[in-house]
Amino acid sequence: MSTPAVHPVDEKLPVGQTAALGLQHVLVMYAGAVAVPLIVGRALKLSPEQVAMLISADLFVCGRVTLIQSLGVTRWFGIKLPVMMGVTFAAVGPMVAFANAMPGVDGARAIFGAIIGAGVISMLIAPMVSKLLRFFPPVVTGTIIAIIGISLMRVGVGWAMGGPAPLAQSVDVPKLVAMVDGAKAVQAAAVASGASAPALVLPGPIPMVNNPNYGSLSHMAVAAAVLLVILLLVKYTRGFIANISVLLGIVAGCAIAASMGAMNFDKVAKADWFAVVTPLAFGMPTFDVVMILTMALVMIVVMIESTGMFLALSDMTGKKIDQKDLAAGLRTDGLGTLIGGLFNTFPYTSFSQNVGLVGVTGIRSRWVCVAGGAIMVVLGLLPKMAAFVESIPTFVLGGAGLVMFGMVAASGIRILSTVDYQGNRNNLYIVALSIGFGLIPLVAPRWSQQMAHGLHPLLESGILLTAVAAVVLNLFFNGTNGDVRAAINAAKTAEAH
């Protein structure tokens, strides 16, 4: 009696080969995985130790959720395909908006509460979302992914400059005090002459002084060097080295920064070698309805992207999946997000660069991603690793950020290149107006100041504005006649980098 053939997705490779291929998956996603806790942690103005805690928690939960997704846990969770799970960039915009409105530990607790709420909602609606692919054709998903990259570019530029744009100047306090004293003297003289006291008016605009650390030429030179290393590796190397070019560029930048004395390893030396990641380390989360609904909208977009990726991965591996499999995979996105909120980290989705790696290497075994998940769990238990990542100067990350976030935008543009504009000119209006709505918070950050304060987190996210506009406009112009095959091909296109 012959043994039934094992599908390549379920094939168990030799242990050494599995571990090496799993490590390759980890290295490909590592730079992207640690970027989100760095962005959000610094936006929250948390201490270096707290940011390092976010990084450890992120790596730990990346591993746990990857194991659930690739191994499968009961029939309810896990797509059982070679999938690596990581923090989604789609949630960065809303989380940074939350952080700017409420920095510190209180802001972190509010963000984690929103993530927990969105995770629960995502698990409940996963079966329904798995049927909504027709509402998200390439013209919608491509536009959303493009605006995600465009929105994140200002973070990368801010890293290279030494901080966000408002840090470029600060108030010249001595001059301002002198101006106020002068205005008070004018006011007092008017009162002494018997006139009624005039309003206190400054003789000119508030004096500002340039921040010497913003736009430092030496810092921008390091960011440019990181960018150059990445570009050289992309051009002159192939395979594995090219796939981890961003990570190697950051390593080169760290070496340059250390030689300049601009990188401090004191916190790395003090960090423990091993520590357990504990849930609710920032205290009990707080729950705000508007924030939860905002994050839930983000998760719907994320889950639609995941649906396209899962279908594309099924096509690439030759492993057929049905509606129940899709629902199990999407439910795991929700479960991972719930676990993320509980363990002081963020929403999770399948990483497209790792799906693309499956196509590049031809290795279809999900056990490779199981090994990658186990490696991520171990990395999350090593505080020294997190402390090292946290100690990387922001200007080093600047050059890498331009590549990472620019590639997100380029993936969206590449998907949009598959859209039919000649046969359906209405698609031009969908893209043009949706991107226009998404740029409103970037070019007019205070555009919603006259509106209800509770709506600000929603209105200040260009990603969400684009998502809503693209879906509504697509329904208006094209109806619900989405092409699932086109969505699969678009997902493959996005992953081919």
# chains A, B, ... in the order shown; residues from 1 in each chain; ligands from 1
>>> closest_atom_pairs(of="segment 260-379 of chain A", to="segment 212-225 of chain A", cutoff="12 Å", atoms="only C-alpha atoms", output="tab-separated table")
residue	atom	partner	partner_atom	distance
A:Met260	CA	A:Ser218	CA	9.5
A:Ala262	CA	A:His219	CA	9.4
A:Met263	CA	A:His219	CA	11.8
>>> write_last_selection(atoms="N, CA and C atoms", output="PDB file, in the first residue's frame")
ATOM      1  N   MET A 260      31.554  57.520  14.972  1.00  0.00           N
ATOM      2  CA  MET A 260      31.437  58.968  15.217  1.00  0.00           C
ATOM      3  C   MET A 260      31.172  59.270  16.688  1.00  0.00           C
ATOM      4  N   ALA A 262      28.335  58.583  18.060  1.00  0.00           N
ATOM      5  CA  ALA A 262      26.938  59.014  18.113  1.00  0.00           C
ATOM      6  C   ALA A 262      25.984  57.886  18.505  1.00  0.00           C
ATOM      7  N   MET A 263      26.541  56.741  18.883  1.00  0.00           N
ATOM      8  CA  MET A 263      25.694  55.616  19.275  1.00  0.00           C
ATOM      9  C   MET A 263      26.159  55.118  20.632  1.00  0.00           C
TER      10      MET A 263
END
>>> closest_atom_pairs(of="segment 318-396 of chain A", to="segment 139-163 of chain A", cutoff="10 Å", atoms="only C-alpha atoms", output="tab-separated table")
residue	atom	partner	partner_atom	distance
A:Pro393	CA	A:Trp159	CA	8.6
A:Thr394	CA	A:Trp159	CA	4.9
A:Phe395	CA	A:Ala160	CA	4.3
A:Val396	CA	A:Ala160	CA	7.1
>>> write_last_selection(atoms="all heavy atoms", output="PDB file, in the first residue's frame")
ATOM      1  N   PRO A 393      20.431  55.300  16.419  1.00  0.00           N
ATOM      2  CA  PRO A 393      20.027  56.702  16.236  1.00  0.00           C
ATOM      3  C   PRO A 393      18.976  56.835  15.129  1.00  0.00           C
ATOM      4  O   PRO A 393      19.015  56.094  14.138  1.00  0.00           O
ATOM      5  CB  PRO A 393      21.336  57.396  15.835  1.00  0.00           C
ATOM      6  CG  PRO A 393      22.430  56.491  16.323  1.00  0.00           C
ATOM      7  CD  PRO A 393      21.881  55.102  16.216  1.00  0.00           C
ATOM      8  N   THR A 394      18.079  57.785  15.297  1.00  0.00           N
ATOM      9  CA  THR A 394      17.005  57.937  14.312  1.00  0.00           C
ATOM     10  C   THR A 394      17.549  58.296  12.934  1.00  0.00           C
ATOM     11  O   THR A 394      16.974  57.895  11.915  1.00  0.00           O
ATOM     12  CB  THR A 394      16.004  59.019  14.754  1.00  0.00           C
ATOM     13  OG1 THR A 394      16.713  60.230  15.012  1.00  0.00           O
ATOM     14  CG2 THR A 394      15.268  58.605  16.011  1.00  0.00           C
ATOM     15  N   PHE A 395      18.679  59.023  12.881  1.00  0.00           N
ATOM     16  CA  PHE A 395      19.191  59.403  11.564  1.00  0.00           C
ATOM     17  C   PHE A 395      19.723  58.196  10.792  1.00  0.00           C
ATOM     18  O   PHE A 395      19.752  58.202   9.564  1.00  0.00           O
ATOM     19  CB  PHE A 395      20.252  60.511  11.671  1.00  0.00           C
ATOM     20  CG  PHE A 395      21.424  60.188  12.568  1.00  0.00           C
ATOM     21  CD1 PHE A 395      22.507  59.467  12.106  1.00  0.00           C
ATOM     22  CD2 PHE A 395      21.438  60.628  13.887  1.00  0.00           C
ATOM     23  CE1 PHE A 395      23.584  59.180  12.927  1.00  0.00           C
ATOM     24  CE2 PHE A 395      22.514  60.357  14.711  1.00  0.00           C
ATOM     25  CZ  PHE A 395      23.588  59.626  14.249  1.00  0.00           C
ATOM     26  N   VAL A 396      20.144  57.142  11.507  1.00  0.00           N
ATOM     27  CA  VAL A 396      20.540  55.903  10.834  1.00  0.00           C
ATOM     28  C   VAL A 396      19.306  55.257  10.188  1.00  0.00           C
ATOM     29  O   VAL A 396      19.348  54.777   9.058  1.00  0.00           O
ATOM     30  CB  VAL A 396      21.203  54.922  11.824  1.00  0.00           C
ATOM     31  CG1 VAL A 396      21.390  53.545  11.174  1.00  0.00           C
ATOM     32  CG2 VAL A 396      22.544  55.467  12.286  1.00  0.00           C
TER      33      VAL A 396
END
>>> closest_residue(among="A:Val9, A:Val65, A:Leu379, A:Ala470", to="Lys319 of chain A", atoms="only C-alpha atoms")
A:Val9
>>> residues_around(residues="segment 332-347 of chain A", least_positions_apart="4", cutoff="7 Å", atoms="only C-alpha atoms", output="list in words")
Leu54, Ala57, Asp58, Val61, Val65, Gln69, Phe77, Gly78, Val87, Thr88, Phe112, Gly113, Ile115, Ile116, Gly119, Val120, Ser122, Met123, Thr278, Pro279, Leu280, Ala281 and Ala328 of chain A
>>> atom_distance(atom1="atom CA of Asp10 of chain A", atom2="atom CA of Arg366 of chain A")
6.2 Å
>>> residues_around(residues="Ile300 of chain A", least_positions_apart="5", cutoff="9 Å", atoms="only C-alpha atoms", output="list in words")
Ser122, Ile125, Ala126, Val129, Met295 and Glu305 of chain A
>>> select_by_dssp(residues="segment 81-214 of chain A", states="strand (DSSP E or B)", output="mmCIF file with C-alpha atoms, in the first residue's frame")
data_model
loop_
_atom_site.group_PDB
_atom_site.id
_atom_site.type_symbol
_atom_site.label_atom_id
_atom_site.label_comp_id
_atom_site.auth_asym_id
_atom_site.auth_seq_id
_atom_site.Cartn_x
_atom_site.Cartn_y
_atom_site.Cartn_z
ATOM 1 C CA MET A 85 2.990 37.624 10.742
ATOM 2 C CA GLY A 86 4.137 41.140 11.607
ATOM 3 C CA VAL A 87 2.850 44.535 12.706
ATOM 4 C CA GLN A 169 12.675 75.616 15.378
ATOM 5 C CA SER A 170 11.911 76.520 18.968
ATOM 6 C CA VAL A 171 10.735 79.720 20.636
ATOM 7 C CA MET A 208 11.996 81.570 16.738
ATOM 8 C CA VAL A 209 15.489 80.112 16.798
ATOM 9 C CA ASN A 210 16.761 77.266 14.637
#
>>> closest_residue(among="A:Val51, A:Val83, A:Met404, A:Ile230", to="Val358 of chain A", atoms="only C-alpha atoms")
A:Val83
>>> atom_distance(atom1="atom CA of Leu233 of chain A", atom2="atom CA of Val246 of chain A")
8.9 Å
>>> select_by_dssp(residues="segment 266-429 of chain A", states="helix (DSSP H, G or I)", output="JSON, numbers by chain")
{"A": [266, 267, 268, 269, 270, 289, 290, 291, 292, 293, 294, 295, 296, 297, 298, 299, 300, 301, 302, 303, 304, 305, 306, 307, 308, 309, 310, 311, 312, 313, 314, 315, 316, 317, 323, 324, 325, 326, 327, 328, 329, 330, 331, 332, 333, 334, 335, 336, 337, 338, 339, 340, 341, 342, 352, 353, 354, 355, 356, 357, 358, 359, 360, 361, 366, 367, 368, 369, 370, 371, 372, 373, 374, 375, 376, 377, 378, 379, 380, 383, 384, 385, 386, 387, 388, 389, 390, 394, 395, 396, 397, 398, 399, 400, 401, 402, 403, 404, 405, 406, 407, 408, 409, 410, 411, 412, 413, 414, 415, 416, 426, 427, 428, 429]}
